[in-house]
$ cat target_10.txt   # compact mmCIF, C-alpha atoms
# COMPACT_ATOMS: atom_id res chain seq x y z
CA MET D 203 -31.14 -46.01 81.97
CA ARG D 204 -34.38 -45.27 83.81
CA VAL D 205 -34.12 -43.28 87.01
CA LYS D 206 -36.36 -44.96 89.55
CA THR D 207 -37.93 -42.93 92.32
CA SER D 208 -39.84 -44.12 95.34
CA ARG D 209 -43.57 -43.57 95.78
CA SER D 210 -43.77 -45.73 98.91
CA ARG D 211 -45.61 -45.11 102.19
CA THR D 212 -43.86 -43.15 104.94
CA GLY D 213 -44.95 -40.57 107.44
CA THR D 214 -44.87 -36.81 107.01
CA GLN D 215 -42.14 -36.30 109.61
CA GLY D 216 -39.40 -36.08 106.99
CA VAL D 217 -40.90 -33.23 104.98
CA SER D 218 -38.71 -30.45 106.36
CA SER D 219 -35.51 -32.49 106.21
CA VAL D 220 -36.13 -33.50 102.59
CA VAL D 221 -36.85 -29.87 101.68
CA GLU D 222 -33.63 -28.70 103.31
CA SER D 223 -31.35 -31.44 102.00
CA THR D 224 -32.59 -31.51 98.42
CA ARG D 225 -33.13 -27.82 97.73
CA ASN D 226 -31.30 -25.36 99.95
CA ALA D 227 -27.90 -26.49 98.78
CA THR D 228 -28.58 -25.19 95.28
CA ARG D 229 -31.39 -22.62 95.51
CA ASN D 230 -32.16 -19.62 97.65
CA ASP D 231 -35.25 -20.12 99.78
CA LEU D 232 -37.53 -17.28 98.70
CA GLY D 233 -40.58 -18.70 100.42
CA PRO D 234 -42.19 -17.24 103.52
CA PRO D 235 -40.30 -17.87 106.78
CA THR D 236 -41.57 -20.59 109.06
CA GLY D 237 -43.17 -18.09 111.43
CA LEU D 238 -45.20 -16.54 108.62
CA LEU D 239 -46.35 -19.96 107.48
CA SER D 240 -47.57 -20.66 111.00
CA THR D 241 -49.36 -17.31 111.09
CA PHE D 242 -51.23 -18.02 107.86
CA SER D 243 -52.12 -21.50 109.08
CA ALA D 244 -53.48 -20.04 112.33
CA LEU D 245 -55.47 -17.30 110.61
CA PHE D 246 -57.11 -19.71 108.21
CA GLY D 247 -57.27 -22.74 110.46
CA GLY D 248 -60.82 -23.49 109.38
CA ALA D 249 -59.74 -24.02 105.77
CA ILE D 250 -57.12 -26.64 106.65
CA ARG D 251 -58.81 -29.66 108.18
CA SER D 252 -55.93 -31.74 109.51
CA THR D 253 -52.26 -31.81 110.43
CA GLU D 254 -51.54 -33.74 107.23
CA GLU D 255 -53.23 -31.08 105.11
CA ARG D 256 -51.28 -28.35 106.86
CA SER D 257 -48.03 -30.25 106.22
CA ALA D 258 -48.96 -30.62 102.55
CA TRP D 259 -49.86 -26.92 102.26
CA GLU D 260 -46.55 -25.87 103.84
CA TYR D 261 -44.67 -28.33 101.62
CA TYR D 262 -46.28 -26.74 98.56
CA VAL D 263 -45.37 -23.23 99.74
CA ARG D 264 -41.76 -23.96 100.58
CA LEU D 265 -40.83 -26.45 97.86
CA VAL D 266 -43.31 -27.14 95.06
CA SER D 267 -44.15 -23.52 94.34
CA SER D 268 -40.47 -22.70 93.80
CA ASN D 269 -40.03 -25.52 91.26
CA VAL D 270 -42.94 -24.69 88.96
CA PRO D 271 -41.92 -21.30 87.49
CA ALA D 272 -38.74 -20.83 85.50
CA LEU D 273 -37.57 -18.15 87.93
CA ASP D 274 -38.45 -18.17 91.62
CA CYS D 275 -38.75 -14.64 92.98
CA PRO D 276 -40.78 -12.68 95.55
CA GLU D 277 -43.53 -12.18 92.95
CA ASN D 278 -43.79 -15.94 92.25
CA PRO D 279 -47.51 -16.34 91.40
CA TYR D 280 -47.51 -20.03 92.30
CA ARG D 281 -46.51 -19.18 95.87
CA GLN D 282 -49.07 -16.38 96.04
CA LEU D 283 -51.63 -18.97 94.92
CA SER D 284 -51.17 -20.78 98.23
CA ILE D 285 -52.54 -17.76 100.10
CA THR D 286 -55.45 -17.32 97.70
CA ALA D 287 -56.24 -21.01 98.19
CA LEU D 288 -56.91 -20.51 101.89
CA THR D 289 -60.15 -18.73 100.97
CA ALA D 290 -60.96 -20.83 97.87
CA PRO D 291 -61.63 -24.51 98.76
CA ILE D 292 -61.23 -25.80 95.19
CA LEU D 293 -57.75 -24.26 94.96
CA LEU D 294 -56.80 -25.57 98.40
CA GLU D 295 -57.81 -29.09 97.35
CA THR D 296 -55.72 -28.63 94.21
CA ILE D 297 -52.48 -27.50 95.83
CA ILE D 298 -52.78 -30.14 98.57
CA CYS D 299 -53.19 -32.77 95.84
CA ILE D 300 -50.16 -31.37 93.97
CA ALA D 301 -48.12 -31.49 97.17
CA ALA D 302 -49.25 -35.03 97.99
CA GLU D 303 -48.19 -36.33 94.56
CA HIS D 304 -44.87 -34.49 94.79
CA MET D 305 -44.24 -35.88 98.26
CA LEU D 306 -44.79 -39.44 97.05
CA ASN D 307 -41.91 -39.02 94.62
CA PHE D 308 -39.67 -38.21 97.59
CA GLY D 309 -40.85 -41.21 99.61
CA LEU D 310 -43.23 -39.17 101.78
CA GLY D 311 -46.91 -39.76 102.41
CA SER D 312 -48.83 -42.73 101.03
CA GLU D 313 -50.50 -43.77 97.79
CA PRO D 314 -53.96 -44.22 99.41
CA ALA D 315 -53.82 -40.76 100.98
CA ALA D 316 -52.71 -39.15 97.70
CA ALA D 317 -55.45 -41.01 95.81
CA GLU D 318 -58.05 -39.81 98.32
CA ARG D 319 -56.90 -36.22 97.94
CA GLN D 320 -57.02 -36.51 94.17
CA GLN D 321 -60.60 -37.81 94.31
CA ARG D 322 -61.56 -34.98 96.64
CA MET D 323 -60.02 -32.46 94.27
CA LEU D 324 -61.76 -33.93 91.22
CA ARG D 325 -65.11 -33.86 93.06
CA SER D 326 -64.59 -30.18 93.78
CA ILE D 327 -63.76 -29.52 90.14
CA ARG D 328 -66.85 -31.41 88.97
CA GLN D 329 -69.01 -29.33 91.30
CA GLY D 330 -67.39 -26.16 89.98
CA LEU D 331 -68.03 -27.21 86.38
CA GLN D 332 -71.68 -27.97 87.16
CA MET D 333 -72.05 -24.52 88.71
CA ILE D 334 -70.64 -22.89 85.57
CA GLU D 335 -72.89 -24.97 83.29
CA MET D 336 -75.97 -23.96 85.27
CA SER D 337 -75.07 -20.27 85.13
CA SER D 338 -76.79 -18.39 82.30
CA HIS D 339 -74.14 -15.67 82.23
CA ALA D 340 -70.97 -17.40 83.37
CA ARG D 341 -67.95 -15.06 83.30
CA TRP D 342 -64.67 -15.37 85.06
CA HIS D 343 -65.28 -12.16 87.00
CA ASP D 344 -67.10 -14.49 89.41
CA HIS D 345 -64.33 -15.57 91.80
CA ARG D 346 -65.78 -19.11 92.01
CA HIS D 347 -65.57 -19.54 88.23
CA GLU D 348 -62.07 -18.05 88.22
CA ALA D 349 -60.96 -20.52 90.90
CA CYS D 350 -62.49 -23.50 89.06
CA LEU D 351 -60.69 -22.61 85.83
CA ALA D 352 -57.41 -22.21 87.71
CA ALA D 353 -57.84 -25.64 89.31
CA VAL D 354 -58.37 -27.26 85.91
CA VAL D 355 -55.38 -25.50 84.33
CA LEU D 356 -53.15 -26.57 87.25
CA GLN D 357 -53.85 -30.26 86.62
CA GLY D 358 -50.72 -30.46 84.49
CA ILE D 359 -48.60 -30.20 87.62
CA VAL D 360 -50.42 -33.20 89.10
CA VAL D 361 -50.14 -35.20 85.87
CA ALA D 362 -46.37 -34.69 85.57
CA GLN D 363 -45.82 -36.34 88.97
CA ARG D 364 -47.42 -39.64 87.97
CA PRO D 365 -46.07 -42.16 85.44
CA ASP D 366 -49.60 -42.79 84.11
CA GLY D 367 -50.90 -39.20 84.14
CA VAL D 368 -52.90 -37.98 81.13
CA LEU D 369 -53.22 -34.25 80.50
CA GLU D 370 -55.22 -34.02 77.27
CA PRO D 371 -58.73 -34.18 78.84
CA HIS D 372 -57.80 -31.43 81.31
CA VAL D 373 -56.54 -29.12 78.56
CA LYS D 374 -59.69 -29.75 76.50
CA CYS D 375 -61.78 -28.93 79.55
CA ALA D 376 -59.72 -25.80 80.24
CA SER D 377 -60.14 -24.67 76.63
CA TYR D 378 -63.91 -25.13 76.91
CA LEU D 379 -63.95 -23.09 80.12
CA MET D 380 -61.74 -20.38 78.63
CA HIS D 381 -64.25 -20.05 75.80
CA THR D 382 -67.33 -20.23 78.04
CA LEU D 383 -66.01 -17.63 80.45
CA GLY D 384 -64.83 -15.29 77.68
CA CYS D 385 -61.15 -15.53 78.60
CA PHE D 386 -59.64 -15.82 75.13
CA GLN D 387 -60.33 -12.20 74.18
CA GLU D 388 -60.23 -10.49 77.57
CA ILE D 389 -57.18 -9.14 79.38
CA PRO D 390 -57.07 -10.81 82.83
CA SER D 391 -57.78 -8.34 85.61
CA THR D 392 -56.63 -10.26 88.72
CA PRO D 393 -53.35 -12.02 89.62
CA LEU D 394 -55.11 -15.40 89.66
CA ALA D 395 -56.73 -14.80 86.28
CA ARG D 396 -53.40 -13.80 84.80
CA LEU D 397 -51.59 -16.82 86.25
CA THR D 398 -54.29 -19.06 84.81
CA THR D 399 -54.34 -17.43 81.37
CA GLN D 400 -50.57 -17.44 81.00
CA ARG D 401 -50.17 -21.01 82.16
CA PHE D 402 -52.96 -22.21 79.86
CA ALA D 403 -51.38 -20.44 76.86
CA MET D 404 -48.01 -22.18 77.32
CA VAL D 405 -49.41 -25.60 78.24
CA ASP D 406 -51.85 -25.56 75.31
CA LEU D 407 -49.06 -24.69 72.88
CA MET D 408 -46.44 -27.07 74.28
CA LEU D 409 -48.94 -29.93 74.36
CA ALA D 410 -49.86 -29.20 70.72
CA ILE D 411 -46.17 -29.27 69.74
CA SER D 412 -45.70 -32.53 71.67
CA ARG D 413 -48.66 -34.13 69.85
CA GLN D 414 -47.87 -32.54 66.46
CA ARG D 415 -51.30 -30.91 66.15
CA ARG D 416 -52.79 -27.42 66.42
CA PRO D 417 -53.43 -25.81 69.81
CA TYR D 418 -57.00 -25.76 71.13
CA ALA D 419 -56.97 -21.99 71.68
CA PRO D 420 -57.98 -19.83 68.70
CA ARG D 421 -55.28 -17.82 66.95
CA SER D 422 -57.07 -14.69 68.16
CA PHE D 423 -56.29 -15.62 71.81
CA ILE D 424 -54.96 -12.45 73.44
CA LEU D 425 -51.85 -14.27 74.73
CA TYR D 426 -51.00 -15.30 71.17
CA GLN D 427 -50.54 -11.65 70.09
CA PRO D 428 -46.95 -10.46 70.69
CA ASP D 429 -46.78 -7.87 73.46
CA ALA D 430 -43.70 -8.15 75.66
CA ASP D 431 -44.45 -4.92 77.52
CA ARG D 432 -47.78 -6.26 78.72
CA TRP D 433 -46.89 -9.87 79.48
CA ASP D 434 -43.14 -10.00 80.23
CA GLN D 435 -42.41 -6.63 81.84
CA THR D 436 -45.22 -6.66 84.41
CA GLU D 437 -46.05 -9.17 87.15
CA PRO D 438 -46.69 -12.01 87.10
CA SER D 439 -44.22 -12.07 84.21
CA PHE D 440 -44.88 -14.62 81.49
CA HIS D 441 -41.14 -14.85 80.86
CA LYS D 442 -40.34 -15.60 84.51
CA MET D 443 -43.18 -18.11 84.72
CA THR D 444 -42.20 -20.12 81.63
CA GLY D 445 -38.62 -19.25 80.66
CA CYS D 446 -39.91 -18.31 77.22
CA PRO D 447 -40.59 -14.63 76.42
CA GLN D 448 -44.14 -14.06 75.22
CA PRO D 449 -43.12 -12.92 71.69
CA LEU D 450 -41.01 -16.08 71.30
CA MET D 451 -44.01 -18.17 72.33
CA CYS D 452 -45.90 -16.46 69.49
CA PHE D 453 -43.19 -17.59 67.05
CA LEU D 454 -43.56 -21.15 68.37
CA LEU D 455 -47.31 -20.89 67.84
CA ARG D 456 -46.83 -19.87 64.20
CA ILE D 457 -44.38 -22.75 63.70
CA ALA D 458 -46.91 -25.21 65.15
CA HIS D 459 -49.59 -24.00 62.73
CA LEU D 460 -47.19 -23.98 59.75
CA ALA D 461 -46.20 -27.59 60.51
CA CYS D 462 -49.88 -28.57 60.42
CA ASP D 463 -50.35 -26.57 57.19
CA VAL D 464 -47.52 -28.54 55.57
CA ASP D 465 -49.04 -31.81 56.79
CA GLU D 466 -52.36 -30.86 55.20
CA CYS D 467 -50.67 -29.95 51.91
CA LEU D 468 -48.98 -33.35 51.83
CA ARG D 469 -52.19 -35.15 52.77
CA ASP D 470 -54.26 -33.36 50.10
CA ASP D 471 -51.47 -33.40 47.49
CA VAL D 472 -51.55 -29.61 47.31
CA PRO D 473 -48.46 -27.50 46.47
CA GLU D 474 -46.89 -26.11 49.60
CA HIS D 475 -45.25 -23.04 48.02
CA GLU D 476 -47.42 -20.52 49.87
CA VAL D 477 -46.81 -22.25 53.21
CA LEU D 478 -43.06 -22.30 52.64
CA SER D 479 -43.08 -18.61 51.71
CA ARG D 480 -44.66 -17.87 55.07
CA ALA D 481 -42.11 -20.13 56.73
CA PHE D 482 -39.18 -18.23 55.21
CA GLU D 483 -40.74 -14.96 56.31
CA LEU D 484 -41.15 -16.31 59.84
CA GLU D 485 -37.54 -17.53 59.88
CA SER D 486 -36.32 -14.03 58.97
CA GLU D 487 -38.43 -12.47 61.71
CA LEU D 488 -37.23 -15.04 64.25
CA CYS D 489 -33.58 -14.37 63.39
CA ALA D 490 -34.14 -10.62 63.72
CA TRP D 491 -35.83 -11.09 67.11
CA GLY D 492 -32.99 -13.28 68.41
CA LEU D 493 -30.10 -11.37 66.88
CA GLN D 494 -28.24 -11.33 70.22
CA TYR D 495 -28.21 -15.13 70.49
CA THR D 496 -25.12 -16.84 69.09
CA GLY D 497 -25.39 -20.29 70.65
CA ALA D 498 -22.14 -19.76 72.55
CA ILE D 499 -21.37 -18.88 76.16
CA ALA D 500 -17.95 -17.52 77.07
CA ASP D 501 -16.01 -19.22 79.85
CA GLY D 502 -16.56 -17.48 83.15
CA SER D 503 -19.68 -15.75 81.87
CA SER D 504 -21.99 -14.29 84.52
CA ARG D 505 -24.95 -14.47 82.17
CA PRO D 506 -28.32 -14.89 83.96
CA LEU D 507 -29.53 -18.49 83.90
CA LEU D 508 -33.00 -17.36 82.82
CA ASP D 509 -31.47 -15.84 79.68
CA ILE D 510 -29.69 -19.11 78.89
CA LEU D 511 -33.02 -20.94 79.22
CA THR D 512 -34.58 -18.36 76.91
CA GLU D 513 -31.91 -19.05 74.31
CA CYS D 514 -32.65 -22.78 74.61
CA PHE D 515 -36.26 -22.03 73.66
CA TYR D 516 -35.01 -19.80 70.82
CA TRP D 517 -32.87 -22.49 69.18
CA THR D 518 -35.60 -25.07 69.79
CA ALA D 519 -37.88 -22.85 67.70
CA HIS D 520 -35.33 -22.94 64.88
CA LEU D 521 -35.06 -26.71 65.30
CA LEU D 522 -38.83 -27.21 65.06
CA LEU D 523 -39.05 -24.91 62.03
CA ALA D 524 -36.31 -26.81 60.20
CA ARG D 525 -37.50 -30.26 61.22
CA ARG D 526 -41.29 -30.00 60.94
CA VAL D 527 -41.85 -27.25 58.37
CA PHE D 528 -38.84 -27.41 56.06
CA ARG D 529 -38.62 -31.18 56.67
CA ASP D 530 -34.86 -31.37 57.14
CA ALA D 531 -33.74 -34.90 58.05
CA THR D 532 -32.42 -35.65 61.51
CA ARG D 533 -28.94 -36.41 60.18
CA SER D 534 -28.77 -33.25 58.06
CA PRO D 535 -25.99 -30.78 58.96
CA ARG D 536 -28.49 -28.07 59.94
CA ILE D 537 -30.46 -30.26 62.35
CA GLN D 538 -27.31 -31.64 63.95
CA HIS D 539 -25.89 -28.13 64.35
CA LEU D 540 -29.11 -26.89 65.95
CA ALA D 541 -29.39 -29.89 68.29
CA GLN D 542 -25.77 -29.58 69.43
CA THR D 543 -26.24 -25.85 69.97
CA CYS D 544 -29.14 -26.68 72.28
CA PHE D 545 -27.07 -29.27 74.13
CA ARG D 546 -24.19 -26.84 74.71
CA LEU D 547 -26.54 -24.24 76.14
CA MET D 548 -28.43 -26.72 78.30
CA ASP D 549 -25.16 -27.93 79.75
CA HIS D 550 -24.77 -24.46 81.28
CA LEU D 551 -27.96 -24.95 83.32
CA PRO D 552 -26.82 -26.96 86.38
CA THR D 553 -29.34 -29.39 87.78
CA GLY D 554 -31.42 -27.69 90.45
CA CYS D 555 -30.40 -24.17 89.46
CA GLY D 556 -34.04 -23.08 89.14
CA PRO D 557 -34.60 -22.22 85.46
CA ASP D 558 -33.78 -25.83 84.53
CA SER D 559 -37.15 -26.80 86.03
CA SER D 560 -38.67 -25.38 82.80
CA LEU D 561 -36.20 -27.16 80.52
CA PRO D 562 -38.04 -30.45 79.77
CA GLN D 563 -39.86 -29.33 76.60
CA PRO D 564 -36.79 -27.93 74.79
CA PHE D 565 -34.62 -30.72 76.20
CA TYR D 566 -36.63 -33.71 75.00
CA LEU D 567 -37.45 -32.08 71.63
CA ALA D 568 -33.74 -31.59 70.97
CA ALA D 569 -32.77 -34.95 72.50
CA ARG D 570 -34.64 -36.96 69.87
CA GLU D 571 -32.38 -35.45 67.18
CA ALA D 572 -29.16 -36.70 68.81
CA VAL D 573 -27.16 -38.99 66.52
CA ARG D 574 -23.60 -39.08 67.84
CA VAL D 575 -22.83 -41.52 70.65
CA GLU D 576 -21.40 -38.72 72.79
CA ASP D 577 -24.53 -36.62 72.31
CA ARG D 578 -26.82 -39.47 73.30
CA ASP D 579 -24.69 -40.27 76.34
CA TRP D 580 -24.88 -36.61 77.39
CA VAL D 581 -28.69 -36.66 76.97
CA ARG D 582 -28.97 -39.75 79.17
CA ARG D 583 -26.79 -38.22 81.88
CA LYS D 584 -28.68 -34.94 81.82
CA HIS D 585 -32.02 -36.76 81.95
CA GLU D 586 -30.90 -38.89 84.91
CA ALA D 587 -29.65 -35.87 86.84
CA MET D 588 -32.79 -33.79 86.29
CA THR D 589 -35.12 -36.70 87.04
CA ALA D 590 -33.28 -37.58 90.24
CA TYR D 591 -33.66 -33.97 91.38
CA TYR D 592 -37.15 -32.97 90.23
CA ARG D 593 -38.72 -36.46 90.37
CA GLU D 594 -41.55 -35.90 87.85
CA GLN D 595 -42.32 -39.44 86.75
CA GLN D 596 -43.25 -38.41 83.22
CA ARG D 597 -39.62 -37.54 82.51
CA ASN D 598 -38.95 -41.28 82.36
CA SER D 599 -41.71 -41.69 79.77
CA ALA D 600 -40.17 -38.89 77.72
CA MET D 601 -36.78 -40.58 77.79
CA GLU D 602 -38.28 -43.94 76.82
CA LEU D 603 -39.91 -42.26 73.82
CA THR D 604 -36.55 -40.70 72.92
CA GLU D 605 -34.83 -44.09 73.04
CA LYS D 606 -37.49 -45.54 70.70
CA ILE D 607 -36.90 -42.73 68.22
CA TRP D 608 -33.13 -43.29 68.34
CA ALA D 609 -33.55 -47.03 67.76
CA ARG D 610 -35.84 -46.44 64.77
CA SER D 611 -33.46 -43.84 63.34
CA ASP D 612 -30.53 -46.24 63.65
CA GLY D 613 -32.52 -49.05 62.05
CA LEU D 614 -33.34 -46.90 59.03
CA ARG D 615 -29.86 -45.49 58.55
CA GLY D 616 -28.68 -46.03 55.00
CA VAL D 617 -32.09 -47.16 53.81
CA GLU D 618 -33.22 -45.30 50.70
CA VAL D 619 -36.68 -43.94 51.34
CA GLU D 620 -38.81 -43.11 48.34
CA THR D 621 -40.05 -39.53 48.50
CA ASN D 622 -42.43 -37.41 46.52
CA GLY D 623 -41.56 -33.75 46.83
CA MET D 624 -41.75 -33.06 50.54
CA ALA D 625 -43.34 -36.38 51.49
CA GLN D 626 -42.38 -37.43 55.00
CA SER D 627 -39.85 -40.14 55.53
CA ILE D 628 -40.70 -43.40 57.20
CA GLU D 629 -38.90 -42.16 60.30
CA ASP D 630 -40.92 -38.94 60.41
CA ARG D 631 -44.19 -40.84 60.17
CA PHE D 632 -43.03 -43.19 62.93
CA VAL D 633 -42.20 -40.24 65.21
CA LYS D 634 -45.50 -38.54 64.49
CA GLU D 635 -47.44 -41.69 65.36
CA LEU D 636 -45.50 -42.01 68.62
CA ASP D 637 -46.21 -38.39 69.50
CA ARG D 638 -49.91 -38.58 68.73
CA GLU D 639 -50.38 -41.82 70.65
CA SER D 640 -48.37 -40.62 73.64
CA SER D 641 -49.96 -39.27 76.81
CA LEU D 642 -46.81 -37.88 78.44
CA PHE D 643 -46.34 -34.19 79.16
CA ILE D 644 -44.15 -32.14 81.51
CA PHE D 645 -44.49 -28.45 82.20
$ encode --input "target_10.txt" --output "structure tokens"
Amino acid sequence: MRVKTSRSRTGTQGVSSVVESTRNATRNDLGPPTGLLSTFSALFGGAIRSTEERSAWEYYVRLVSSNVPALDCPENPYRQLSITALTAPILLETIICIAAEHMLNFGLGSEPAAAERQQRMLRSIRQGLQMIEMSSHARWHDHRHEACLAAVVLQGIVVAQRPDGVLEPHVKCASYLMHTLGCFQEIPSTPLARLTTQRFAMVDLMLAISRQRRPYAPRSFILYQPDADRWDQTEPSFHKMTGCPQPLMCFLLRIAHLACDVDECLRDDVPEHEVLSRAFELESELCAWGLQYTGAIADGSSRPLLDILTECFYWTAHLLLARRVFRDATRSPRIQHLAQTCFRLMDHLPTGCGPDSSLPQPFYLAAREAVRVEDRDWVRRKHEAMTAYYREQQRNSAMELTEKIWARSDGLRGVEVETNGMAQSIEDRFVKELDRESSLFIF
């Protein structure tokens, strides 16, 4: 069942009431108090050109910024971004556009106004790109270049709000800018640079996994080298931003590349022994890293929700390794065990709890492997609850894709598929085609 949400025209009068009724019941408000918001608005009145823009900026600060990271906290870099944006026009256009799209999904604002803000934001980005192209020594130490790159990387938040949003061109553009500005090999030196680098790393990887291809970033990218002390234990924390510890992201990166290596072996009719040897080695390392994770949560446990989300990413890594590298079938005991482990853990993340805002990637990757009627019913209920709360329109596209995969899997059940070594099944090829033709993405 598709959860429908309104994107109809209304005024901005209901912003505060929607914020209070839909969020405060389940999350602590860690945003700045109303008086502080007013102070910032007064100090930087020249940056905000209208009452509507001020409402959108405040909406972003108090609501949107708390939904983007896996863990909202005083150090939330997405909320800090709203202050930086008051002195960086391209970032202000970006967060106002993000807020406008988000508001539409709650029945606030209007489509024409949101479209106008999006065009204004894209014009600012184009101007920023032209400035970088004309610079003979463009580096991201220039605050204007840094702000332009951040605006491009943040486009994924805009895309997720719209049913027809397409992220791929933005990630390609961001990758080009990361290369041009020398960001792949350089440790970010400012909070904005670090936010941008960390978000790009996760979006690039998750989009690659969603499309069953390699990431755009080179393997030498500094974020793709395991270093929890640098990236998870200091602020802004990669772990708190994404729900996935940085070393675990590096495992997911290796799995993504191994899956592509296997595909190339099959395509070129080359033995895959060396690739599988590396896969077994990776599996051993992954198990050692996640030794504390058992897939079970005791009744009455006070375990932090962020840690439960982390374990969801951990078992999703095992699921991807088994499914895409070792080529286990969906109905195999191992895949079903892994999928049901993910479902049990995800069921301990109540809708609106905070960390569940970063659940879509593990959730929909596991959901496609559901076979039992009760598992599929649980997936549908969980999808409906999260979509009704967070309202990103692309969640509906992800569920529609899941339903197509289930229907194809059911249609092929019992059919003997001719294989040659590790040749993909008809179902696997069908899924890969769906993934590569899809434009949906949520993060």
$ residues_around --input "target_10.txt" --residues "segment 512-521 of chain D" --least-positions-apart "4" --cutoff "9 Å" --atoms "all atoms listed in the file" --output "PyMOL selection string"
chain D and resi 441+445-447+450-451+453-454+457+485+488-489+492+495-497+507-508+525-526+536-537+540-541+543-545+547-548+561+563-565+567-568
$ write_last_selection --input "target_10.txt" --atoms "C-alpha atoms" --output "PDB file, in the coordinates of the input"
ATOM      1  CA  HIS D 441     -41.140 -14.850  80.860  1.00  0.00           C
ATOM      2  CA  GLY D 445     -38.620 -19.250  80.660  1.00  0.00           C
ATOM      3  CA  CYS D 446     -39.910 -18.310  77.220  1.00  0.00           C
ATOM      4  CA  PRO D 447     -40.590 -14.630  76.420  1.00  0.00           C
ATOM      5  CA  LEU D 450     -41.010 -16.080  71.300  1.00  0.00           C
ATOM      6  CA  MET D 451     -44.010 -18.170  72.330  1.00  0.00           C
ATOM      7  CA  PHE D 453     -43.190 -17.590  67.050  1.00  0.00           C
ATOM      8  CA  LEU D 454     -43.560 -21.150  68.370  1.00  0.00           C
ATOM      9  CA  ILE D 457     -44.380 -22.750  63.700  1.00  0.00           C
ATOM     10  CA  GLU D 485     -37.540 -17.530  59.880  1.00  0.00           C
ATOM     11  CA  LEU D 488     -37.230 -15.040  64.250  1.00  0.00           C
ATOM     12  CA  CYS D 489     -33.580 -14.370  63.390  1.00  0.00           C
ATOM     13  CA  GLY D 492     -32.990 -13.280  68.410  1.00  0.00           C
ATOM     14  CA  TYR D 495     -28.210 -15.130  70.490  1.00  0.00           C
ATOM     15  CA  THR D 496     -25.120 -16.840  69.090  1.00  0.00           C
ATOM     16  CA  GLY D 497     -25.390 -20.290  70.650  1.00  0.00           C
ATOM     17  CA  LEU D 507     -29.530 -18.490  83.900  1.00  0.00           C
ATOM     18  CA  LEU D 508     -33.000 -17.360  82.820  1.00  0.00           C
ATOM     19  CA  ARG D 525     -37.500 -30.260  61.220  1.00  0.00           C
ATOM     20  CA  ARG D 526     -41.290 -30.000  60.940  1.00  0.00           C
ATOM     21  CA  ARG D 536     -28.490 -28.070  59.940  1.00  0.00           C
ATOM     22  CA  ILE D 537     -30.460 -30.260  62.350  1.00  0.00           C
ATOM     23  CA  LEU D 540     -29.110 -26.890  65.950  1.00  0.00           C
ATOM     24  CA  ALA D 541     -29.390 -29.890  68.290  1.00  0.00           C
ATOM     25  CA  THR D 543     -26.240 -25.850  69.970  1.00  0.00           C
ATOM     26  CA  CYS D 544     -29.140 -26.680  72.280  1.00  0.00           C
ATOM     27  CA  PHE D 545     -27.070 -29.270  74.130  1.00  0.00           C
ATOM     28  CA  LEU D 547     -26.540 -24.240  76.140  1.00  0.00           C
ATOM     29  CA  MET D 548     -28.430 -26.720  78.300  1.00  0.00           C
ATOM     30  CA  LEU D 561     -36.200 -27.160  80.520  1.00  0.00           C
ATOM     31  CA  GLN D 563     -39.860 -29.330  76.600  1.00  0.00           C
ATOM     32  CA  PRO D 564     -36.790 -27.930  74.790  1.00  0.00           C
ATOM     33  CA  PHE D 565     -34.620 -30.720  76.200  1.00  0.00           C
ATOM     34  CA  LEU D 567     -37.450 -32.080  71.630  1.00  0.00           C
ATOM     35  CA  ALA D 568     -33.740 -31.590  70.970  1.00  0.00           C
TER      36      ALA D 568
END
$ atom_distance --input "target_10.txt" --atom1 "atom CA of Gln363 of chain D" --atom2 "atom CA of Arg597 of chain D"
9.0 Å
$ residues_around --input "target_10.txt" --residues "Asp465 of chain D" --least-positions-apart "6" --cutoff "12 Å" --atoms "only C-alpha atoms" --output "ChimeraX atom specification"
/D:414-416,458-459,471-474,477-478,526-529,624-626,630-631,634
$ write_last_selection --input "target_10.txt" --atoms "C-alpha atoms" --output "tab-separated table (two decimals), in the coordinates of the input"
chain	number	residue	atom	x	y	z
D	414	GLN	CA	-47.87	-32.54	66.46
D	415	ARG	CA	-51.30	-30.91	66.15
D	416	ARG	CA	-52.79	-27.42	66.42
D	458	ALA	CA	-46.91	-25.21	65.15
D	459	HIS	CA	-49.59	-24.00	62.73
D	471	ASP	CA	-51.47	-33.40	47.49
D	472	VAL	CA	-51.55	-29.61	47.31
D	473	PRO	CA	-48.46	-27.50	46.47
D	474	GLU	CA	-46.89	-26.11	49.60
D	477	VAL	CA	-46.81	-22.25	53.21
D	478	LEU	CA	-43.06	-22.30	52.64
D	526	ARG	CA	-41.29	-30.00	60.94
D	527	VAL	CA	-41.85	-27.25	58.37
D	528	PHE	CA	-38.84	-27.41	56.06
D	529	ARG	CA	-38.62	-31.18	56.67
D	624	MET	CA	-41.75	-33.06	50.54
D	625	ALA	CA	-43.34	-36.38	51.49
D	626	GLN	CA	-42.38	-37.43	55.00
D	630	ASP	CA	-40.92	-38.94	60.41
D	631	ARG	CA	-44.19	-40.84	60.17
D	634	LYS	CA	-45.50	-38.54	64.49
$ closest_atom_pairs --input "target_10.txt" --of "segment 344-433 of chain D" --to "segment 314-329 of chain D" --cutoff "9 Å" --atoms "all atoms listed in the file" --output "Markdown table"
| residue | atom | partner | partner_atom | distance |
| --- | --- | --- | --- | --- |
| D:Cys350 | CA | D:Ile327 | CA | 6.2 |
| D:Leu351 | CA | D:Ile327 | CA | 8.7 |
| D:Ala353 | CA | D:Ile327 | CA | 7.1 |
| D:Val354 | CA | D:Ile327 | CA | 7.2 |
| D:Val360 | CA | D:Gln320 | CA | 9.0 |
$ atom_distance --input "target_10.txt" --atom1 "atom CA of Glu571 of chain D" --atom2 "atom CA of Arg456 of chain D"
21.5 Å
